[in-house]
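The file entry-v7.csv comes next; it holds CSV, C-alpha atoms.
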```
chain,number,residue,atom,x,y,z
A,1346,MET,CA,105.2,50.7,106.5
A,1347,GLY,CA,104.4,54.4,107.2
A,1348,LEU,CA,105.4,56.1,110.4
A,1349,THR,CA,101.8,57.4,111.0
A,1350,GLY,CA,100.0,54.4,109.5
A,1351,GLY,CA,97.5,52.5,111.6
A,1352,GLY,CA,99.2,49.3,110.7
A,1353,PHE,CA,102.6,50.4,112.1
A,1354,ILE,CA,100.9,51.7,115.3
A,1355,ALA,CA,98.9,48.4,115.7
A,1356,LEU,CA,102.1,46.4,115.2
A,1357,LEU,CA,103.9,48.3,118.0
A,1358,PHE,CA,101.0,47.8,120.5
A,1359,LEU,CA,100.9,44.1,119.5
A,1360,VAL,CA,104.6,43.8,120.3
A,1361,VAL,CA,103.9,45.6,123.7
A,1362,ALA,CA,101.1,43.1,124.4
A,1363,VAL,CA,103.3,40.1,123.5
A,1364,LEU,CA,106.2,41.4,125.7
A,1365,PHE,CA,103.8,41.9,128.6
A,1366,VAL,CA,102.3,38.4,128.3
A,1367,PHE,CA,105.8,36.9,127.9
A,1368,THR,CA,107.0,38.8,131.0
A,1369,VAL,CA,104.2,37.5,133.1
A,1370,TRP,CA,104.7,34.0,131.9
A,1371,TRP,CA,108.5,33.9,132.2
A,1372,TRP,CA,109.0,35.9,135.4
A,1373,PRO,CA,108.5,33.0,137.9
A,1374,ARG,CA,110.5,30.7,135.6
A,1375,GLY,CA,113.4,33.2,135.7
A,1376,ALA,CA,113.5,33.4,139.4
A,1377,ARG,CA,116.8,31.6,139.7
A,1378,SER,CA,119.6,33.7,141.1
A,1379,GLY,CA,122.7,34.5,139.1
A,1380,PRO,CA,124.0,37.4,137.0
A,1381,VAL,CA,122.6,36.0,133.7
A,1382,THR,CA,119.0,35.7,135.1
A,1383,VAL,CA,119.2,39.1,136.7
A,1384,ALA,CA,120.4,40.7,133.5
A,1385,ALA,CA,117.7,38.9,131.6
A,1386,ARG,CA,115.0,40.3,133.9
A,1387,ILE,CA,116.4,43.8,133.7
A,1388,GLY,CA,116.6,43.6,129.9
A,1389,LEU,CA,113.0,42.3,129.7
A,1390,LEU,CA,111.7,45.2,131.9
A,1391,VAL,CA,113.7,47.9,130.0
A,1392,GLY,CA,112.7,46.5,126.6
A,1393,THR,CA,109.0,46.3,127.4
A,1394,GLN,CA,109.0,49.9,128.8
A,1395,ALA,CA,111.0,51.2,125.8
A,1396,VAL,CA,108.6,49.6,123.3
A,1397,THR,CA,105.6,50.8,125.2
A,1398,LEU,CA,107.0,54.4,125.2
A,1399,LEU,CA,107.8,54.1,121.5
A,1400,ALA,CA,104.2,53.0,120.8
A,1401,VAL,CA,102.7,55.9,122.7
A,1402,LEU,CA,105.0,58.4,121.0
A,1403,VAL,CA,104.2,57.1,117.6
A,1404,ALA,CA,100.5,57.3,118.4
A,1405,VAL,CA,100.8,60.8,119.6
A,1406,ASN,CA,102.8,61.8,116.5
A,1407,ALA,CA,100.1,60.3,114.3
A,1408,HIS,CA,97.5,62.4,116.0
A,1409,PHE,CA,99.4,65.7,115.9
A,1410,GLU,CA,101.4,65.1,112.7
A,1411,PHE,CA,104.7,66.3,114.1
A,1412,TYR,CA,106.5,64.0,111.6
A,1413,SER,CA,104.6,62.8,108.6
A,1414,GLY,CA,106.8,59.8,107.7
A,1415,TRP,CA,110.2,58.3,107.8
A,1416,ASP,CA,111.6,60.8,105.3
A,1417,ASP,CA,110.3,63.7,107.5
A,1418,LEU,CA,111.7,62.1,110.7
A,1419,PHE,CA,115.2,61.6,109.2
A,1420,ALA,CA,115.1,64.9,107.1
A,1421,THR,CA,115.4,63.2,103.8
A,1422,ASN,CA,112.5,65.2,102.2
A,1423,ALA,CA,114.3,68.5,102.1
A,1424,ALA,CA,113.9,69.3,98.4
A,1425,PRO,CA,113.4,73.0,97.7
A,1426,ALA,CA,109.8,74.1,97.6
A,1427,ARG,CA,108.3,75.5,94.4
A,1428,ILE,CA,105.2,77.7,94.1
A,1429,LYS,CA,102.5,76.8,91.6
A,1430,HIS,CA,100.2,79.5,90.3
A,1431,VAL,CA,96.7,78.3,90.9
A,1432,MET,CA,94.4,80.8,89.2
A,1433,ALA,CA,94.0,84.4,88.3
A,1434,LYS,CA,90.4,84.6,87.1
A,1435,ALA,CA,88.5,87.1,85.3
A,1436,GLY,CA,96.2,106.0,105.6
A,1437,GLY,CA,95.5,109.0,107.4
A,1438,PRO,CA,97.7,110.8,110.1
A,1439,VAL,CA,99.7,108.4,112.3
A,1440,LYS,CA,99.0,108.6,116.0
A,1441,GLN,CA,101.8,108.3,118.4
A,1442,ILE,CA,101.9,105.1,120.6
A,1443,ASP,CA,102.4,106.2,124.1
A,1444,THR,CA,103.4,102.9,125.9
A,1445,ALA,CA,106.1,101.6,123.6
A,1446,THR,CA,109.6,100.4,124.1
A,1447,ILE,CA,112.2,99.4,121.5
A,1448,LYS,CA,115.4,97.6,122.2
A,1449,ARG,CA,118.1,96.3,119.8
A,1450,ILE,CA,118.8,92.6,120.5
A,1451,GLY,CA,121.1,90.0,119.2
A,1452,THR,CA,124.6,88.7,120.0
A,1453,ALA,CA,127.1,91.5,119.9
A,1454,ALA,CA,124.4,93.7,118.6
A,1455,ALA,CA,126.2,96.9,119.5
A,1456,LYS,CA,129.3,95.9,117.4
A,1457,ARG,CA,127.4,95.0,114.2
A,1458,ASP,CA,126.9,97.5,111.5
A,1459,PRO,CA,123.2,97.4,110.7
A,1460,ALA,CA,123.9,99.0,107.3
A,1461,VAL,CA,125.6,95.7,106.5
A,1462,SER,CA,123.8,93.0,108.4
A,1463,GLY,CA,120.5,94.6,109.2
A,1464,ALA,CA,119.1,94.6,112.8
A,1465,THR,CA,116.6,92.9,115.0
A,1466,GLU,CA,114.7,94.9,117.5
A,1467,GLU,CA,112.4,93.9,120.3
A,1468,TYR,CA,109.3,96.1,120.2
A,1469,ARG,CA,106.7,96.2,122.9
A,1470,PHE,CA,103.5,98.3,122.6
A,1471,GLN,CA,99.9,98.6,123.6
A,1472,GLY,CA,97.3,98.9,121.0
A,1473,GLN,CA,95.3,102.1,121.0
A,1474,ALA,CA,92.1,100.7,119.6
A,1475,THR,CA,91.9,97.5,121.7
A,1476,GLY,CA,94.2,98.0,124.6
A,1477,LEU,CA,95.9,94.7,123.9
A,1478,SER,CA,99.7,94.5,124.6
A,1479,ALA,CA,102.1,92.8,122.3
A,1480,GLU,CA,105.8,91.7,122.3
A,1481,THR,CA,107.2,91.7,118.8
A,1482,TYR,CA,110.5,91.3,117.1
A,1483,VAL,CA,111.1,93.6,114.1
A,1484,LEU,CA,113.6,92.5,111.5
A,1485,LEU,CA,115.0,95.5,109.6
A,1486,PRO,CA,117.0,95.1,106.4
A,1487,PRO,CA,120.5,96.6,105.9
A,1488,GLN,CA,119.0,99.2,103.4
A,1489,TYR,CA,116.9,100.6,106.3
A,1490,TYR,CA,120.2,102.1,107.6
A,1491,GLN,CA,121.9,103.0,104.4
A,1492,PRO,CA,122.0,106.7,103.3
A,1493,ALA,CA,120.7,106.0,99.8
A,1494,TYR,CA,117.4,104.7,101.4
A,1495,ALA,CA,117.1,107.4,104.1
A,1496,ARG,CA,113.7,108.4,102.8
A,1497,THR,CA,112.5,105.0,101.6
A,1498,ARG,CA,109.5,103.3,103.1
A,1499,PHE,CA,109.6,99.5,103.2
A,1500,PRO,CA,107.0,96.8,102.7
A,1501,VAL,CA,105.9,95.0,105.9
A,1502,VAL,CA,105.1,91.4,106.5
A,1503,ILE,CA,103.5,90.4,109.8
A,1504,VAL,CA,104.7,86.9,110.7
A,1505,LEU,CA,102.6,84.8,113.1
A,1506,THR,CA,103.4,81.7,115.0
A,1507,GLY,CA,100.9,78.9,115.7
A,1508,TYR,CA,99.0,78.4,118.9
A,1509,PRO,CA,100.1,78.9,121.7
A,1510,GLY,CA,103.4,80.0,120.3
A,1511,HIS,CA,105.7,82.9,121.1
A,1512,PRO,CA,107.6,85.3,118.8
A,1513,SER,CA,110.9,84.0,120.2
A,1514,ALA,CA,110.1,80.6,118.6
A,1515,LEU,CA,110.4,82.3,115.2
A,1516,LEU,CA,113.8,83.6,116.2
A,1517,HIS,CA,115.3,80.6,117.8
A,1518,THR,CA,113.4,77.5,116.5
A,1519,MET,CA,112.3,78.7,113.0
A,1520,ARG,CA,115.5,80.8,112.7
A,1521,PHE,CA,113.5,83.2,110.6
A,1522,PRO,CA,116.1,86.0,110.7
A,1523,ASP,CA,118.6,83.6,109.0
A,1524,LEU,CA,116.1,82.8,106.3
A,1525,VAL,CA,115.4,86.5,105.7
A,1526,ARG,CA,119.1,87.4,105.4
A,1527,GLN,CA,119.6,84.5,102.9
A,1528,ALA,CA,116.6,85.7,100.9
A,1529,GLU,CA,118.0,89.2,100.8
A,1530,ARG,CA,121.4,87.9,99.6
A,1531,ALA,CA,119.5,86.0,96.9
A,1532,GLY,CA,117.9,89.1,95.6
A,1533,VAL,CA,114.5,89.3,97.4
A,1534,PRO,CA,113.6,93.0,97.8
A,1535,PRO,CA,114.2,94.4,101.3
A,1536,ALA,CA,111.2,94.4,103.6
A,1537,ILE,CA,110.4,94.7,107.3
A,1538,TYR,CA,109.3,91.6,109.1
A,1539,VAL,CA,107.3,91.8,112.3
A,1540,LEU,CA,107.4,88.5,114.3
A,1541,MET,CA,104.3,88.0,116.5
A,1542,ARG,CA,102.0,85.4,117.9
A,1543,PRO,CA,98.2,85.2,117.2
A,1544,THR,CA,97.5,84.6,120.9
A,1545,GLU,CA,97.3,88.2,122.2
A,1546,ALA,CA,95.1,87.2,125.2
A,1547,PRO,CA,97.0,84.2,126.5
A,1548,PRO,CA,96.4,81.4,127.4
A,1549,ARG,CA,93.2,81.7,125.4
A,1550,ASP,CA,93.2,80.9,121.7
A,1551,THR,CA,90.9,83.5,120.2
A,1552,GLU,CA,91.5,82.4,116.6
A,1553,CYS,CA,92.1,86.0,115.8
A,1554,ALA,CA,88.5,86.9,116.4
A,1555,ASP,CA,86.8,89.9,117.9
A,1556,VAL,CA,85.2,88.1,120.8
A,1557,PRO,CA,81.9,89.7,122.0
A,1558,GLY,CA,82.6,91.1,125.4
A,1559,GLY,CA,86.2,89.8,125.2
A,1560,PRO,CA,89.6,90.5,123.5
A,1561,GLN,CA,89.4,92.2,120.1
A,1562,VAL,CA,92.3,90.4,118.5
A,1563,GLU,CA,91.1,90.8,114.9
A,1564,SER,CA,90.9,94.6,115.4
A,1565,PHE,CA,94.3,94.5,117.0
A,1566,PHE,CA,95.9,93.1,113.9
A,1567,ALA,CA,93.8,95.2,111.5
A,1568,THR,CA,94.3,98.5,113.3
A,1569,ASP,CA,96.7,98.6,116.2
A,1570,VAL,CA,99.6,96.8,114.6
A,1571,PRO,CA,99.8,99.0,111.5
A,1572,LEU,CA,99.4,102.1,113.7
A,1573,ALA,CA,102.2,101.0,116.0
A,1574,MET,CA,104.5,100.2,113.1
A,1575,GLN,CA,103.8,103.5,111.4
A,1576,ALA,CA,104.5,105.4,114.6
A,1577,HIS,CA,108.1,104.1,114.9
A,1578,TYR,CA,109.3,102.8,111.5
A,1579,ARG,CA,109.5,103.9,107.9
A,1580,VAL,CA,106.9,101.4,106.6
A,1581,ALA,CA,104.6,101.4,103.6
A,1582,VAL,CA,101.6,103.6,103.9
A,1583,GLY,CA,99.2,101.9,101.4
A,1584,ARG,CA,97.8,98.4,101.4
A,1585,ALA,CA,100.1,97.4,98.5
A,1586,GLY,CA,103.0,97.3,100.9
A,1587,TRP,CA,101.4,95.2,103.6
A,1588,GLY,CA,101.3,91.4,103.9
A,1589,VAL,CA,100.7,88.8,106.6
A,1590,MET,CA,101.8,85.2,106.9
A,1591,GLY,CA,101.8,82.5,109.5
A,1592,ASP,CA,102.0,78.8,110.3
A,1593,SER,CA,99.2,76.6,111.6
A,1594,THR,CA,96.9,78.8,113.6
A,1595,GLY,CA,99.0,81.8,112.4
A,1596,GLY,CA,98.2,80.7,108.8
A,1597,PHE,CA,94.5,80.7,109.5
A,1598,CYS,CA,94.8,84.1,111.1
A,1599,ALA,CA,96.9,85.5,108.3
A,1600,THR,CA,94.3,84.5,105.6
A,1601,LYS,CA,91.4,85.6,107.7
A,1602,ILE,CA,92.8,89.0,108.5
A,1603,ALA,CA,93.7,89.7,104.8
A,1604,MET,CA,90.3,88.5,103.6
A,1605,LYS,CA,88.4,90.6,106.1
A,1606,HIS,CA,90.6,93.7,105.9
A,1607,PRO,CA,91.8,94.0,102.3
A,1608,ASP,CA,92.0,97.8,102.9
A,1609,ARG,CA,95.0,97.1,105.1
A,1610,TYR,CA,96.6,93.9,103.7
A,1611,SER,CA,97.0,93.1,100.0
A,1612,ALA,CA,98.7,89.7,100.4
A,1613,ALA,CA,98.7,86.8,102.8
A,1614,ALA,CA,100.5,83.4,103.1
A,1615,SER,CA,99.2,80.3,105.0
A,1616,LEU,CA,101.9,77.7,105.9
A,1617,SER,CA,100.1,74.5,106.9
A,1618,GLY,CA,97.1,76.5,108.0
A,1619,TYR,CA,93.4,75.8,108.0
A,1620,PHE,CA,90.3,77.7,106.9
A,1621,SER,CA,87.5,77.2,109.4
A,1622,THR,CA,87.5,78.4,113.0
A,1623,ILE,CA,88.5,75.9,115.7
A,1624,GLN,CA,86.3,75.9,118.9
A,1625,ASP,CA,87.4,73.8,121.8
A,1626,LEU,CA,88.5,74.1,125.4
A,1627,THR,CA,91.3,76.5,124.5
A,1628,THR,CA,89.0,78.9,122.7
A,1629,GLY,CA,85.9,78.9,124.7
A,1630,LYS,CA,82.8,80.6,123.2
A,1631,LEU,CA,84.2,82.9,120.5
A,1632,PHE,CA,80.9,84.1,119.0
A,1633,ASP,CA,78.4,84.1,121.9
A,1634,GLY,CA,76.0,82.0,119.8
A,1635,ASN,CA,76.0,84.6,117.0
A,1636,LYS,CA,75.8,82.4,113.8
A,1637,ASN,CA,76.6,85.4,111.5
A,1638,LEU,CA,79.8,86.1,113.4
A,1639,GLN,CA,80.7,82.4,113.2
A,1640,ASN,CA,80.1,82.2,109.5
A,1641,GLU,CA,82.1,85.3,108.8
A,1642,SER,CA,85.1,83.8,110.5
A,1643,ASN,CA,84.8,80.6,108.4
A,1644,LEU,CA,86.9,81.3,105.4
A,1645,LEU,CA,85.3,78.5,103.3
A,1646,TRP,CA,81.9,80.0,104.0
A,1647,ARG,CA,83.2,83.5,103.2
A,1648,GLU,CA,84.7,82.6,99.8
A,1649,LYS,CA,81.4,81.0,98.8
A,1650,HIS,CA,78.9,83.5,100.1
A,1651,LEU,CA,80.6,86.9,100.2
A,1652,PRO,CA,82.3,89.1,97.5
A,1653,ALA,CA,85.9,88.1,97.0
A,1654,PRO,CA,88.4,90.6,98.3
A,1655,PRO,CA,91.1,92.0,96.0
A,1656,ILE,CA,94.0,90.2,97.6
A,1657,SER,CA,96.7,87.7,96.7
A,1658,LEU,CA,97.1,84.5,98.7
A,1659,LEU,CA,99.8,81.8,99.0
A,1660,VAL,CA,98.5,78.5,100.3
A,1661,ALA,CA,101.2,76.1,101.4
A,1662,SER,CA,100.8,72.6,102.7
A,1663,CYS,CA,102.0,69.0,102.4
A,1664,ARG,CA,100.3,66.3,100.3
A,1665,VAL,CA,101.3,63.6,102.7
A,1666,GLY,CA,101.5,64.2,106.5
A,1667,GLU,CA,99.3,67.3,106.8
A,1668,LYS,CA,95.7,66.6,107.9
A,1669,THR,CA,94.4,69.9,106.6
A,1670,TYR,CA,95.7,69.3,103.0
A,1671,PRO,CA,92.2,68.4,101.7
A,1672,GLU,CA,90.8,71.6,103.2
A,1673,ASN,CA,93.6,73.6,101.5
A,1674,GLU,CA,92.7,72.1,98.1
A,1675,ARG,CA,89.0,72.8,98.8
A,1676,PHE,CA,89.7,76.4,99.6
A,1677,LEU,CA,91.8,76.9,96.5
A,1678,ALA,CA,89.1,75.4,94.3
A,1679,GLY,CA,86.7,78.1,95.5
A,1680,ILE,CA,88.9,81.1,94.7
A,1681,ARG,CA,87.0,83.8,92.7
A,1682,PRO,CA,88.2,87.1,91.2
A,1683,PRO,CA,89.4,89.6,92.1
A,1684,MET,CA,91.1,87.3,94.7
A,1685,ARG,CA,94.1,85.5,93.3
A,1686,ALA,CA,96.0,82.5,94.7
A,1687,ASP,CA,99.2,80.4,94.3
A,1688,SER,CA,99.9,77.0,95.9
A,1689,LEU,CA,103.1,75.7,97.5
A,1690,PHE,CA,102.5,71.9,98.1
A,1691,LEU,CA,105.4,69.8,99.4
A,1692,PRO,CA,105.3,66.0,98.7
A,1693,SER,CA,105.5,65.3,102.4
A,1694,GLY,CA,106.2,66.9,105.7
A,1695,GLY,CA,105.0,67.1,109.3
A,1696,HIS,CA,103.3,69.8,111.3
A,1697,ASN,CA,106.5,71.2,112.6
A,1698,TYR,CA,109.0,74.0,112.3
A,1699,ARG,CA,111.3,72.0,110.1
A,1700,THR,CA,108.6,71.7,107.5
A,1701,PHE,CA,107.6,75.3,107.9
A,1702,ARG,CA,111.3,76.3,107.3
A,1703,ARG,CA,111.2,74.5,104.0
A,1704,MET,CA,108.3,76.7,102.9
A,1705,VAL,CA,109.7,80.0,104.0
A,1706,PRO,CA,112.3,80.8,101.3
A,1707,ALA,CA,109.7,80.4,98.4
A,1708,THR,CA,107.2,82.4,100.5
A,1709,LEU,CA,109.6,85.3,101.0
A,1710,ARG,CA,110.3,85.4,97.2
A,1711,TRP,CA,106.5,85.4,96.7
A,1712,PHE,CA,106.0,88.4,98.9
A,1713,GLY,CA,108.9,90.1,97.2
A,1714,VAL,CA,106.9,89.9,94.0
A,1715,HIS,CA,103.5,90.9,95.4
A,1716,LEU,CA,104.4,93.7,97.9
A,1717,LYS,CA,105.3,97.2,96.7
A,1718,ALA,CA,105.9,100.1,99.1
A,1719,GLU,CA,104.0,103.3,98.1
```

Target encoding structure tokens, full file:
Amino acid sequence: MGLTGGGFIALLFLVVAVLFVFTVWWWPRGARSGPVTVAARIGLLVGTQAVTLLAVLVAVNAHFEFYSGWDDLFATNAAPARIKHVMAKAGGPVKQIDTATIKRIGTAAAKRDPAVSGATEEYRFQGQATGLSAETYVLLPPQYYQPAYARTRFPVVIVLTGYPGHPSALLHTMRFPDLVRQAERAGVPPAIYVLMRPTEAPPRDTECADVPGGPQVESFFATDVPLAMQAHYRVAVGRAGWGVMGDSTGGFCATKIAMKHPDRYSAAASLSGYFSTIQDLTTGKLFDGNKNLQNESNLLWREKHLPAPPISLLVASCRVGEKTYPENERFLAGIRPPMRADSLFLPSGGHNYRTFRRMVPATLRWFGVHLKAE
């Protein structure tokens, strides 16, 4: 019986109902004094509350897909992910960023040799085009500090969390730096990873849109982020060296930004993302009733009605446990040249960082093939 199946949830609530009815029926009959009776009452109350809590948690999990099944809950579905090729059918001067601060972080950061272990820096800046401020974590490879690479520019991958998210979750929960260092030791070409969140006007979820009369988040990632990185780091100049990836809302944003701005990003990866803009209480009115703007942010509509951009995409999801899996398949079925796509589908997994972590190593290898610094 599946963890998220309706049958299992119904069974749990049936057990709750039975325990409740039994408690009401037995309580006056168990009114006798004595340690055995008291213990029985306590056990009945605790048991009923525990099963009720379990039923609620299972129902919440089924709705949000934190864990897709028993194998995901007990981490027995940790097989390595493999990428499947889907189809391959027929900058100017850099401005200086005024309000920026960079700080090396990490345990015993001052004692580490960055030429051996790389470095993580906290980078705060304000975008010139939009005025939005961002807190980022920049992962620099060991080669960045080695004399042989002193004049080398490195590919860049913008890494986005889901909503609401915070870049620190990529550090401490996803443990993204560890995955990057493992990939480097396995031969993935060195790159710079910029850990960010898509929510640059918190607490509002803008779905990375340029909101009429509101925050211009799409422009922030298309213009401000590249300018800020170019101002302070040796990063790739041309689009061939720039990629963007993310999980959940970050996956939607990554695909959207690359599709709408192929002049800046040549590759994108969506980890358990979706392809049509969500609008709810967290987003508010994103398009001010403008149907054209709404359509242009719907990636399923874009790939059907607009010319395909010359970018490469990696679409990752789970066949069991991920509600957006059918949408992922539908999007892949609509790929047209010159856009190219690969898929990374796990047999099962929940909408959580543990599943995302399983997708990251193959995703980093994929970027290693598709990004080239110019």

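With distances taken over all atoms listed in the file, A:Pro1706 is the one residue among A:Leu1716, A:Val1461, A:Tyr1489, A:Pro1706 lying closest to Arg1520 in chain A.
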
Using all atoms listed in the file, which of A:Ser1462, A:Thr1594, A:Gln1488, A:Thr1497 sits nearest Ser1621 in chain A?
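Smallest separation from Ser1621 in chain A among the options: A:Thr1594.
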
Which residues of range 1589-1632 of chain A sit at most 12 Å from range 1644-1649 of chain A, using only C-alpha atoms? Give each one's shortest atom pair and distance in Å (one decimal place), in chain and ascending residue order, as a tab-separated table.
```
residue	atom	partner	partner_atom	distance
A:Gly1596	CA	A:Leu1644	CA	11.8
A:Phe1597	CA	A:Leu1644	CA	8.7
A:Cys1598	CA	A:Leu1644	CA	10.1
A:Ala1599	CA	A:Leu1644	CA	11.2
A:Thr1600	CA	A:Leu1644	CA	8.1
A:Lys1601	CA	A:Leu1644	CA	6.6
A:Ile1602	CA	A:Leu1644	CA	10.2
A:Ala1603	CA	A:Leu1644	CA	10.8
A:Met1604	CA	A:Leu1644	CA	8.2
A:Lys1605	CA	A:Arg1647	CA	9.3
A:Gly1618	CA	A:Leu1644	CA	11.6
A:Tyr1619	CA	A:Leu1644	CA	8.9
A:Phe1620	CA	A:Leu1644	CA	5.2
A:Ser1621	CA	A:Leu1644	CA	5.8
A:Thr1622	CA	A:Leu1644	CA	8.2
A:Ile1623	CA	A:Leu1644	CA	11.7
```

Might you pull out every residue within 6 Å of range 1541-1556 of chain A, with all atoms listed in the file counted and same-chain residues fewer than 2 positions away left off, and present them as a list of chain:residue names?
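Here the qualifying residues turn out to be A:Thr1481, A:Val1504, A:Leu1505, A:Thr1506, A:His1511, A:Pro1512, A:Gly1559, A:Pro1560, A:Gln1561, A:Val1562, A:Glu1563, A:Gly1595, A:Cys1598, A:Thr1627, A:Thr1628, A:Leu1631.
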
Leu1359 in chain A proximity check over A:Pro1607, A:Thr1465, A:Leu1658, A:Val1396, using only C-alpha atoms: winner is A:Val1396

So how many Å separate CA of Lys1630 in chain A and CA of Gly1510 in chain A, to one decimal?
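We find that CA of Lys1630 in chain A and CA of Gly1510 in chain A lie 20.8 Å from each other.
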
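Going from CA of Arg1664 in chain A to CA of Pro1522 in chain A covers 27.3 Å.
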
Let me make sure I understand: among A:Thr1568, A:Arg1681, A:Glu1674, A:Ser1617, which one has the smallest atom-to-atom distance to Ser1693 in chain A if we use all atoms listed in the file?
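Of A:Thr1568, A:Arg1681, A:Glu1674, A:Ser1617, the one nearest Ser1693 in chain A is A:Ser1617, counting all atoms listed in the file.
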
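If you look at CA of Ser1662 in chain A and CA of Leu1689 in chain A, they are 6.5 Å away from each other.
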
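Taking only C-alpha atoms, the non-local environment of range 1376-1393 of chain A within 8 Å (same-chain residues fewer than 5 positions away omitted) comprises Val1361, Leu1364, Phe1365 and Thr1368 of chain A.
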
Considering only C-alpha atoms, can you say which of A:Pro1683, A:Gly1558, A:Gly1472, A:Pro1459 comes closest to Ser1611 in chain A?
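Among the listed residues, the smallest separation from Ser1611 in chain A belongs to A:Pro1683.
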
Reconstructed range 1626-1640 of chain A, atom set N, CA and C atoms, as a short mmCIF file (atom, residue, chain, number, x, y, z; two decimals), in the frame of the given file:
```cif
data_model
loop_
_atom_site.label_atom_id
_atom_site.label_comp_id
_atom_site.auth_asym_id
_atom_site.auth_seq_id
_atom_site.Cartn_x
_atom_site.Cartn_y
_atom_site.Cartn_z
N LEU A 1626 88.24 73.65 124.09
CA LEU A 1626 88.50 74.10 125.40
C LEU A 1626 89.44 75.31 125.47
N THR A 1627 90.35 75.39 124.51
CA THR A 1627 91.30 76.50 124.50
C THR A 1627 90.71 77.79 124.00
N THR A 1628 89.63 77.70 123.24
CA THR A 1628 89.00 78.90 122.70
C THR A 1628 87.85 79.43 123.48
N GLY A 1629 87.11 78.52 124.11
CA GLY A 1629 85.90 78.90 124.70
C GLY A 1629 84.86 79.36 123.69
N LYS A 1630 83.82 80.06 124.11
CA LYS A 1630 82.80 80.60 123.20
C LYS A 1630 83.32 81.83 122.52
N LEU A 1631 83.58 81.74 121.23
CA LEU A 1631 84.20 82.90 120.50
C LEU A 1631 83.12 83.83 119.95
N PHE A 1632 81.91 83.33 119.71
CA PHE A 1632 80.90 84.10 119.00
C PHE A 1632 79.63 84.35 119.78
N ASP A 1633 79.59 83.88 121.01
CA ASP A 1633 78.40 84.10 121.90
C ASP A 1633 77.14 83.65 121.22
N GLY A 1634 77.21 82.56 120.47
CA GLY A 1634 76.00 82.00 119.80
C GLY A 1634 75.57 82.78 118.58
N ASN A 1635 76.34 83.76 118.14
CA ASN A 1635 76.00 84.60 117.00
C ASN A 1635 76.43 83.80 115.71
N LYS A 1636 75.46 83.24 114.98
CA LYS A 1636 75.80 82.40 113.80
C LYS A 1636 76.42 83.27 112.70
N ASN A 1637 76.00 84.52 112.57
CA ASN A 1637 76.60 85.40 111.50
C ASN A 1637 78.08 85.60 111.78
N LEU A 1638 78.44 85.88 113.04
CA LEU A 1638 79.80 86.10 113.40
C LEU A 1638 80.64 84.78 113.10
N GLN A 1639 80.05 83.66 113.44
CA GLN A 1639 80.70 82.40 113.20
C GLN A 1639 80.94 82.13 111.74
N ASN A 1640 79.93 82.40 110.93
CA ASN A 1640 80.10 82.20 109.50
C ASN A 1640 81.14 83.12 108.90
#
```
